[in-house]
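All remarks here apply to the structure that follows.
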Amino acid sequence: MEEKLALLKKKLATVSDLNYSAALLEWDQQVNMPASGNTERADQMATLSELSHNLFISAEIGQLLADFQSYAQNLDPNSDYARLI
């Protein structure tokens with residue numbers, strides 16, 4: 001089970017990293033980016049959003065969460081693993 005939890009954490013960390021990267025691009029768009037960069041920046045942000053979304057809704061993450069369903073019922077609701085699942 002620990003191996004699957006580590007895999008879930010890794011997958012969700014990647015989703016988080018993609019979202020943080022998109023947020024950084026958005027901040028830069030608001031603060032520093034010249035107007036001539038709008039099209040390219042929109043494409044970059046769309047790519048990151050698509051990658052993040054597709055990974056988050058992937059069958060692999062869905063299966064991991066399904067595998068944890070009975071395991072999670074025995075966890076302290078305030079534990080890190082319960083919150084992750």
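Ligands are numbered from 1 in the order shown, chains are lettered A, B, ... in the order of the structure tokens, and residues start at 1 in each chain.
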
Item to check | Who sits within 9 Å of stretch 49-52 of chain A, only C-alpha atoms, same chain under 6 positions skipped, as number ranges by chain | outcome: A: 14-19, 22

So that I can see what lies close to A:Leu7, please list as a PDB file with N, CA, C and O atoms, in the first residue's frame the residues with an atom at most 9 Å from it, counting only C-alpha atoms and leaving out residues fewer than 5 positions away in the same chain.
ATOM      1  N   GLU A   2       2.004   1.200   0.706  1.00  0.00           N
ATOM      2  CA  GLU A   2       2.896   2.366   0.767  1.00  0.00           C
ATOM      3  C   GLU A   2       3.393   2.758  -0.628  1.00  0.00           C
ATOM      4  O   GLU A   2       3.526   3.940  -0.931  1.00  0.00           O
ATOM      5  N   LEU A  12       0.061  13.437  -7.978  1.00  0.00           N
ATOM      6  CA  LEU A  12      -0.606  14.670  -7.557  1.00  0.00           C
ATOM      7  C   LEU A  12       0.382  15.820  -7.407  1.00  0.00           C
ATOM      8  O   LEU A  12       0.025  16.979  -7.635  1.00  0.00           O
ATOM      9  N   LEU A  64      -6.024   4.280  -8.593  1.00  0.00           N
ATOM     10  CA  LEU A  64      -5.346   4.386  -7.295  1.00  0.00           C
ATOM     11  C   LEU A  64      -6.339   4.789  -6.202  1.00  0.00           C
ATOM     12  O   LEU A  64      -6.357   4.200  -5.121  1.00  0.00           O
TER      13      LEU A  64
END

Checklist entry - So which bits of chain A end up helix (DSSP H, G or I) when you DSSP the backbone, as a PyMOL selection string? => result chain A and resi 2-31+35-56+59-67+69-73+80-84

Checklist outcome for this item: In terms of only C-alpha atoms, the residue from A:Leu8, A:Ser21, A:Met1, A:Leu75 at minimal distance from A:Gly62 is A:Leu8

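The space between atom CA of A:Ala13 and atom CA of A:Ile61 spans 12.1 Å.
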
Item to check | For A:Lys9: contacts at 10 Å, only C-alpha atoms, fewer than 6 positions along chain excluded, given as a ChimeraX atom specification | outcome: /A:3,15,81,84-85

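Between A:Leu48 and the residues A:Tyr20, A:Lys10, A:Gln29, A:Asp76, the shortest atom-to-atom distance, using only C-alpha atoms, involves A:Tyr20.
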
Next on the checklist: Give me, as JSON, numbers by chain, all polymer residues having an atom no more than 8 Å from stretch 23-28 of chain A, counting only C-alpha atoms and skipping those fewer than 5 positions away in the same chain.
Outcome noted: {"A": [33, 41, 45]}
